[in-house]
Every structure is written in C-alpha cells, then in structure tokens.
Amino acid sequence: MTHYKVFDNGLRLIINKMEGLFTVSCGILVKTGSINETDEENGISHFIEHMLFKGTKKRSAFEISDYTDRIGAQINAFTSKELTCFYTKSTSEHFEDSVEVLSDIFFNSVFDSVEMGREKGVITEEINMCEDEPEDLCLDLLAESFYGKEGLGKTILGSIANVRKFDRDDIIAYMKKYYTADNVVISIAGNVDIKEAERLAEKYFEGNFSDGKCAEQKRYETVPPSHLYKCKHTEQSHISFAIPALPVYDRRSIALGIANAIFGGGMSSRLFQKIREEMGLAYSIYSYISQYKDCGCLEIYAGVNTAERVSAEQAVLEEIVRFAKDGVSEQEFLRGKEQIKSTFIMGQESTASQMLLFGRYLMFLDKCFDFKDRIAAIDSITSDEVNEIIKETFIIDKIATATIGPKRSPIKVK
C-alpha cells in the first residue's frame, strides 16, 4: 500500500507499507549532487554529506553513531551526480527513534571547524584511495569524455584543493540553495503504520525547513564524444566505452536493460563469453546502463594486459558492431528478460532499496511508483522492441572512450 502527500511548503512524502517485514527504512532525498556544482564548488555536495554526521546541537559525532547502535539501527548517506540521500534502517519498534536522529543530523548539524578539519583529511584519503583504484579512475575519466567537464562530467568527490578550502559559509550557502522543502522527498518503506509515519514526518521534518525555494537546477547539455587517456603506472590497461542511451525513466528503458543483460550484464553475456572465455583477454569485463533524469549512456569497462590492449579494444568494438547487426536470438531475449524481472522482484524484499526506488521516482517524475505496472511492462516487452533499441543505441560513431594505463595512446574507434 502506497501513500503520498505534499505539504504546504512543497515537501513531498511517500510511504510504501510492506506487510510481513520487521524493518523500516526512512530516507531524506535531496535533488542535488555534483551536476549542480560550479568548478569552485565541485565536491561540496559530498562534503556536506560527510559533515552532517560530525555533530549536532545535542549530539557529538560519536553520540550519533553510539545512539543508532544502541537502538540497533543503521544510519548512512550517499552522494550521486543528481541526488544526495540520508537514510536510516531500523526495526519497526525503533522507527521513531531512527527518524528523530535522522532529523537531528539533517537540521541541527553545527559544522564545527575542528570536526571539519578532521573530515577534510578523511575525504582527502578517500580521493587518494580512488586514485589508487584505476577502474574507478577510468570510469570517472569516461564520464568527462562523454559529458564534458561540466555537469555530469564532474566527479562526485571533487578535488583535494577544493575540499581543503571549503568552510562553514560555503556549506550554509550551498544548502540554502538546494536543501529546501520543495527540493526534498521523504521516502519511507517497510512495516509501518501509514498514519503514524505521516505524523512523524510532520513532527520531525515538515516544520523544520526554513523559508525559501530551490535555486534553478542545471540541465544536461550534449557535447561531442571524445577519447581521453590518462597515463598512470598500472599493471593493466583499463579501457572503457560510452554509447548514448536513454534517460532513466524513458518507457523503452526496460528493453534497453534486457539488451544490456545480453550484451555485457553477466557471465553468459556476449562480452564476457567473447573477451574473457574465448579470447582470454580480461578478467573483469562488463557493461551497464548509467542513466539520469535527462540522459543516459551504456558503459563498457575492461581491465586488460597492456600488450593486448589494442586487441581487446578492437574485439569490444567488433562485438558492438555485431550486436547492432545481428540483434538477439529468442533464447537470449528470454534469458535477458528473466534476469531483468528477477532482479527487480528481488529488490522488493529490501526496505532500503524500496525507499530509494519510490523516493527517486517521486522526486524526478512527481508520480507514485507502481510495482504491478512495472511487472506488466516487463512482461509485455517483445524481442522486436529489444532489437529496435539495439539498432538505435549500438552506434559506433557516437562512442566516447577513456583509458588508464602506462602507455599513452587513446582508443582508436574505426
């Protein structure tokens, strides 16, 4: 059972009651991330995410974690390119306790200068850790190659130089622009009484927002694909490709998801079988769909022996061309469709995943997500629709590429 409400100040609430469970998840979803940041702000959404856990008017950083541990709850957050989310998961018995502490960190964080200095060190090491992960580095470079240097092309973590210079005034100014009631969704999923959940949302969230409307949000702008290379001493070369695809809520996304499952989504996929099993060129190779509100792309990654890099690149490109030309067989279609359906159904068993699913859907479409409609949509997809989206998507002339490795030369797309 789903309940939806819009408060007078624009705050939206979505409640998905899930019978038969013993837990409930509550999330505060803020529609902002690195897409909205200027060059000087890049990394501040992620910095704020960290700082909200570093002390409030009534709790120290330790007391926040100690309190959630004492009630057996989990509290966490993440930052993406279009969204920042703060959430708790608890037993139904401690739902109000978890909502109270979530509200406390969101509205009452003090941004203490000493704690801020410590957290700058933590995030600096997080950035250094990513620099030591060539797969992550390669995919960040691919985003720049595909989206350019602005908007979705920016990294979520930002630069060490930016992180070191952020201060309390920067945080307050950014939150004033985007942490507004009309730019926030409260999403609750689990075994919870709907009237009680609405009462708690009113008590702990609705009345605590300051007046003010959200600043204008940045939109995606198309840029020509590019081919970037970063020289770094690594044991492998790390190659990646991005092909323009669909926005996240495009009605044809299900067909694209089935196509991706067949092409590179698992161990039975064409990429895995060709590049790893038949040619032995990679240990890790996969494709996935990266989708946002206004755009998306299908991304391919492989870690390969540097001496075999060119052969691996050519083999991937040949698979793309072959896939566009041949389409999928009926057996592949049925297998891919079942993968998509079962993955979606399994996600229904997690209150945290449902909290995020319902919250994001409401945030970006202003509609309530419907499970039965999604299952019906998956069931109705035909192999012809999948083959049609393959021909529209797998176009080699539109590919952007990125490479991390010890030898400097971009991927050659022919």
# chains A, B, ... in the order shown; residues from 1 in each chain; ligands from 1
call {"tool": "select_by_dssp", "arguments": {"residues": "range 27-227 of chain A", "states": "alpha helix (DSSP H)", "output": "MDAnalysis selection string"}}
result
chainID A and resid 44:51 61:70 95:108 113:131 134:147 160:165 168:178 194:204
call {"tool": "residues_around", "arguments": {"residues": "range 60-65 of chain A", "least_positions_apart": "3", "cutoff": "12 Å", "atoms": "only C-alpha atoms", "output": "VMD selection string"}}
result
chain A and resid 50 to 57 68 to 76 88 97 to 98 100 to 106 108 to 112 114 to 116 118 to 119
call {"tool": "write_last_selection", "arguments": {"atoms": "N, CA and C atoms", "output": "compact mmCIF listing (two decimals), in the first residue's frame"}}
result
# COMPACT_ATOMS: atom_id res chain seq x y z
N HIS A 50 29.19 14.20 4.35
CA HIS A 50 30.06 13.76 5.45
C HIS A 50 29.83 14.60 6.70
N MET A 51 29.73 15.92 6.52
CA MET A 51 29.70 16.81 7.68
C MET A 51 28.41 16.70 8.48
N LEU A 52 27.33 16.22 7.88
CA LEU A 52 26.09 16.08 8.63
C LEU A 52 26.16 15.00 9.70
N PHE A 53 27.22 14.19 9.66
CA PHE A 53 27.40 13.15 10.67
C PHE A 53 28.42 13.55 11.74
N LYS A 54 28.89 14.80 11.70
CA LYS A 54 30.02 15.18 12.57
C LYS A 54 29.61 16.03 13.77
N GLY A 55 28.34 15.98 14.13
CA GLY A 55 27.92 16.65 15.35
C GLY A 55 26.76 17.61 15.15
N THR A 56 25.81 17.56 16.08
CA THR A 56 24.64 18.45 16.05
C THR A 56 24.63 19.29 17.32
N LYS A 57 23.55 20.06 17.50
CA LYS A 57 23.44 20.89 18.69
C LYS A 57 23.32 20.06 19.96
N THR A 68 22.56 5.31 17.38
CA THR A 68 21.97 4.41 16.38
C THR A 68 22.37 2.96 16.66
N ASP A 69 23.58 2.75 17.15
CA ASP A 69 23.99 1.39 17.51
C ASP A 69 23.17 0.86 18.69
N ARG A 70 22.88 1.72 19.65
CA ARG A 70 22.15 1.29 20.83
C ARG A 70 20.71 0.89 20.51
N ILE A 71 20.13 1.48 19.47
CA ILE A 71 18.77 1.07 19.08
C ILE A 71 18.81 0.02 17.97
N GLY A 72 20.03 -0.45 17.64
CA GLY A 72 20.17 -1.50 16.63
C GLY A 72 19.84 -1.05 15.22
N ALA A 73 20.00 0.24 14.96
CA ALA A 73 19.66 0.80 13.65
C ALA A 73 20.91 1.04 12.81
N GLN A 74 20.71 1.34 11.56
CA GLN A 74 21.78 1.75 10.66
C GLN A 74 21.48 3.16 10.18
N ILE A 75 22.52 3.97 10.10
CA ILE A 75 22.37 5.32 9.56
C ILE A 75 23.50 5.57 8.58
N ASN A 76 23.17 6.11 7.43
CA ASN A 76 24.19 6.27 6.39
C ASN A 76 23.72 7.32 5.39
N THR A 88 18.04 5.99 7.28
CA THR A 88 18.18 5.04 8.38
C THR A 88 17.41 3.77 8.04
N ASP A 97 12.62 6.47 16.89
CA ASP A 97 13.97 6.81 17.36
C ASP A 97 14.91 7.09 16.18
N SER A 98 14.81 6.26 15.13
CA SER A 98 15.70 6.43 13.98
C SER A 98 15.33 7.68 13.19
N GLU A 100 14.04 10.39 14.47
CA GLU A 100 14.47 11.55 15.26
C GLU A 100 15.95 11.85 15.04
N VAL A 101 16.80 10.82 15.06
CA VAL A 101 18.23 11.08 14.88
C VAL A 101 18.53 11.51 13.45
N LEU A 102 17.79 10.98 12.49
CA LEU A 102 17.97 11.41 11.09
C LEU A 102 17.60 12.88 10.94
N SER A 103 16.51 13.28 11.55
CA SER A 103 16.10 14.69 11.51
C SER A 103 17.13 15.57 12.21
N ASP A 104 17.70 15.08 13.30
CA ASP A 104 18.68 15.86 14.06
C ASP A 104 19.91 16.19 13.22
N ILE A 105 20.46 15.18 12.53
CA ILE A 105 21.66 15.47 11.74
C ILE A 105 21.32 16.36 10.54
N PHE A 106 20.11 16.24 10.01
CA PHE A 106 19.77 16.99 8.80
C PHE A 106 19.52 18.48 9.10
N ASN A 108 20.12 20.06 12.38
CA ASN A 108 20.80 20.67 13.53
C ASN A 108 22.32 20.51 13.51
N SER A 109 22.90 20.09 12.41
CA SER A 109 24.36 19.95 12.36
C SER A 109 25.02 21.32 12.54
N VAL A 110 26.13 21.34 13.30
CA VAL A 110 26.77 22.61 13.66
C VAL A 110 27.96 22.96 12.77
N PHE A 111 28.51 21.99 12.05
CA PHE A 111 29.65 22.21 11.16
C PHE A 111 30.83 22.84 11.92
N ASP A 112 31.19 22.15 12.98
CA ASP A 112 32.29 22.59 13.83
C ASP A 112 33.60 22.63 13.05
N VAL A 114 36.73 22.28 13.98
CA VAL A 114 37.68 21.20 14.30
C VAL A 114 37.28 19.91 13.60
N GLU A 115 35.99 19.57 13.69
CA GLU A 115 35.49 18.38 13.00
C GLU A 115 35.65 18.52 11.49
N MET A 116 35.45 19.73 10.98
CA MET A 116 35.59 19.97 9.55
C MET A 116 37.02 19.71 9.10
N ARG A 118 39.18 17.67 10.51
CA ARG A 118 39.40 16.22 10.51
C ARG A 118 38.78 15.58 9.27
N GLU A 119 37.57 15.98 8.93
CA GLU A 119 36.86 15.33 7.83
C GLU A 119 37.49 15.67 6.48
call {"tool": "select_by_dssp", "arguments": {"residues": "range 112-346 of chain A", "states": "strand (DSSP E or B)", "output": "compact mmCIF listing (two decimals) with C-alpha atoms, in the first residue's frame"}}
result
# COMPACT_ATOMS: atom_id res chain seq x y z
CA VAL A 184 13.31 17.28 -0.84
CA VAL A 185 11.41 13.99 -0.73
CA ILE A 186 10.90 11.98 2.46
CA SER A 187 10.60 8.32 1.50
CA ILE A 188 9.56 5.62 3.99
CA ALA A 189 9.34 1.90 3.20
CA GLY A 190 8.69 -1.06 5.43
CA HIS A 227 38.69 9.98 -26.43
CA LEU A 228 40.71 10.60 -23.27
CA TYR A 229 43.82 8.90 -21.93
CA LYS A 230 45.49 9.23 -18.53
CA CYS A 231 49.00 7.88 -18.19
CA GLN A 236 46.89 -3.48 -16.53
CA SER A 237 45.44 -1.08 -19.05
CA HIS A 238 41.90 -0.06 -18.18
CA ILE A 239 39.66 0.63 -21.16
CA SER A 240 36.10 1.98 -21.24
CA PHE A 241 33.48 2.99 -23.77
CA ALA A 242 30.26 5.03 -23.50
CA ILE A 243 27.41 4.98 -26.02
CA PRO A 244 24.47 7.46 -25.82
CA ALA A 282 40.39 -9.87 -19.49
CA TYR A 283 39.47 -10.99 -16.01
CA SER A 284 36.96 -8.20 -15.46
CA ILE A 285 34.72 -7.11 -18.33
CA TYR A 286 31.15 -5.89 -18.18
CA SER A 287 28.65 -3.34 -19.42
CA TYR A 288 25.99 -1.44 -17.52
CA ILE A 289 23.48 1.34 -18.11
CA SER A 290 24.20 4.70 -16.47
CA GLN A 291 21.01 6.78 -16.52
CA GLY A 296 21.99 8.26 -20.17
CA CYS A 297 24.63 6.04 -21.67
CA LEU A 298 25.63 2.41 -21.89
CA GLU A 299 29.13 1.95 -20.46
CA ILE A 300 31.62 -0.84 -21.07
CA TYR A 301 34.70 -1.50 -18.94
CA ALA A 302 37.56 -4.00 -19.17
CA GLY A 303 40.91 -4.43 -17.43
CA VAL A 304 43.40 -5.98 -19.86
CA ASN A 305 47.07 -6.79 -20.30
call {"tool": "residues_around", "arguments": {"residues": "Arg322 in chain A", "least_positions_apart": "5", "cutoff": "12 Å", "atoms": "only C-alpha atoms", "output": "ChimeraX atom specification"}}
result
/A:263,270-271,274,315-317,327-328,390-391,394-396
call {"tool": "write_last_selection", "arguments": {"atoms": "C-alpha atoms", "output": "PDB file, in the first residue's frame"}}
result
ATOM      1  CA  PHE A 263      25.432  -7.838 -24.275  1.00  0.00           C
ATOM      2  CA  ARG A 270      28.354 -11.853 -25.233  1.00  0.00           C
ATOM      3  CA  LEU A 271      31.162  -9.646 -23.961  1.00  0.00           C
ATOM      4  CA  LYS A 274      33.942 -13.496 -26.182  1.00  0.00           C
ATOM      5  CA  ALA A 315      37.338  -7.078 -30.027  1.00  0.00           C
ATOM      6  CA  VAL A 316      34.931  -4.953 -27.953  1.00  0.00           C
ATOM      7  CA  LEU A 317      34.220  -2.669 -30.904  1.00  0.00           C
ATOM      8  CA  GLY A 327      20.338  -8.374 -32.745  1.00  0.00           C
ATOM      9  CA  VAL A 328      19.344 -11.037 -30.215  1.00  0.00           C
ATOM     10  CA  ILE A 390      19.782  -2.143 -30.048  1.00  0.00           C
ATOM     11  CA  LYS A 391      19.842  -0.653 -33.543  1.00  0.00           C
ATOM     12  CA  PHE A 394      24.741   0.499 -30.524  1.00  0.00           C
ATOM     13  CA  ILE A 395      26.126   3.050 -32.987  1.00  0.00           C
ATOM     14  CA  ILE A 396      29.897   3.018 -33.065  1.00  0.00           C
TER      15      ILE A 396
END
call {"tool": "closest_residue", "arguments": {"among": "A:Tyr220, A:Phe209, A:Phe22, A:Phe323", "to": "Asp182 in chain A", "atoms": "only C-alpha atoms"}}
result
A:Phe209
call {"tool": "residues_around", "arguments": {"residues": "Thr351 in chain A", "least_positions_apart": "3", "cutoff": "9 Å", "atoms": "only C-alpha atoms", "output": "ChimeraX atom specification"}}
result
/A:16,18,21,23-26,89,188-191,347-348,354-356
call {"tool": "residues_around", "arguments": {"residues": "Val223 in chain A", "least_positions_apart": "4", "cutoff": "8 Å", "atoms": "only C-alpha atoms", "output": "list in words"}}
result
Phe146, Tyr147 and Gly148 of chain A
call {"tool": "write_last_selection", "arguments": {"atoms": "C-alpha atoms", "output": "short mmCIF file (atom, residue, chain, number, x, y, z; two decimals), in the first residue's frame"}}
result
data_model
loop_
_atom_site.label_atom_id
_atom_site.label_comp_id
_atom_site.auth_asym_id
_atom_site.auth_seq_id
_atom_site.Cartn_x
_atom_site.Cartn_y
_atom_site.Cartn_z
CA PHE A 146 31.16 11.56 -22.60
CA TYR A 147 29.62 14.55 -20.76
CA GLY A 148 32.43 17.09 -20.91
#
call {"tool": "closest_residue", "arguments": {"among": "A:Leu137, A:Val386, A:Ala245, A:Leu83", "to": "Gly405 in chain A", "atoms": "only C-alpha atoms"}}
result
A:Leu137
call {"tool": "closest_residue", "arguments": {"among": "A:Thr343, A:Ser34, A:Ser113, A:Asn208", "to": "Asn9 in chain A", "atoms": "only C-alpha atoms"}}
result
A:Asn208
call {"tool": "residues_around", "arguments": {"residues": "Ile389 in chain A", "least_positions_apart": "6", "cutoff": "8 Å", "atoms": "only C-alpha atoms", "output": "VMD selection string"}}
result
chain A and resid 252 255 to 256 259
call {"tool": "atom_distance", "arguments": {"atom1": "CA of Ile262 in chain A", "atom2": "CA of Leu334 in chain A"}}
result
9.8 Å
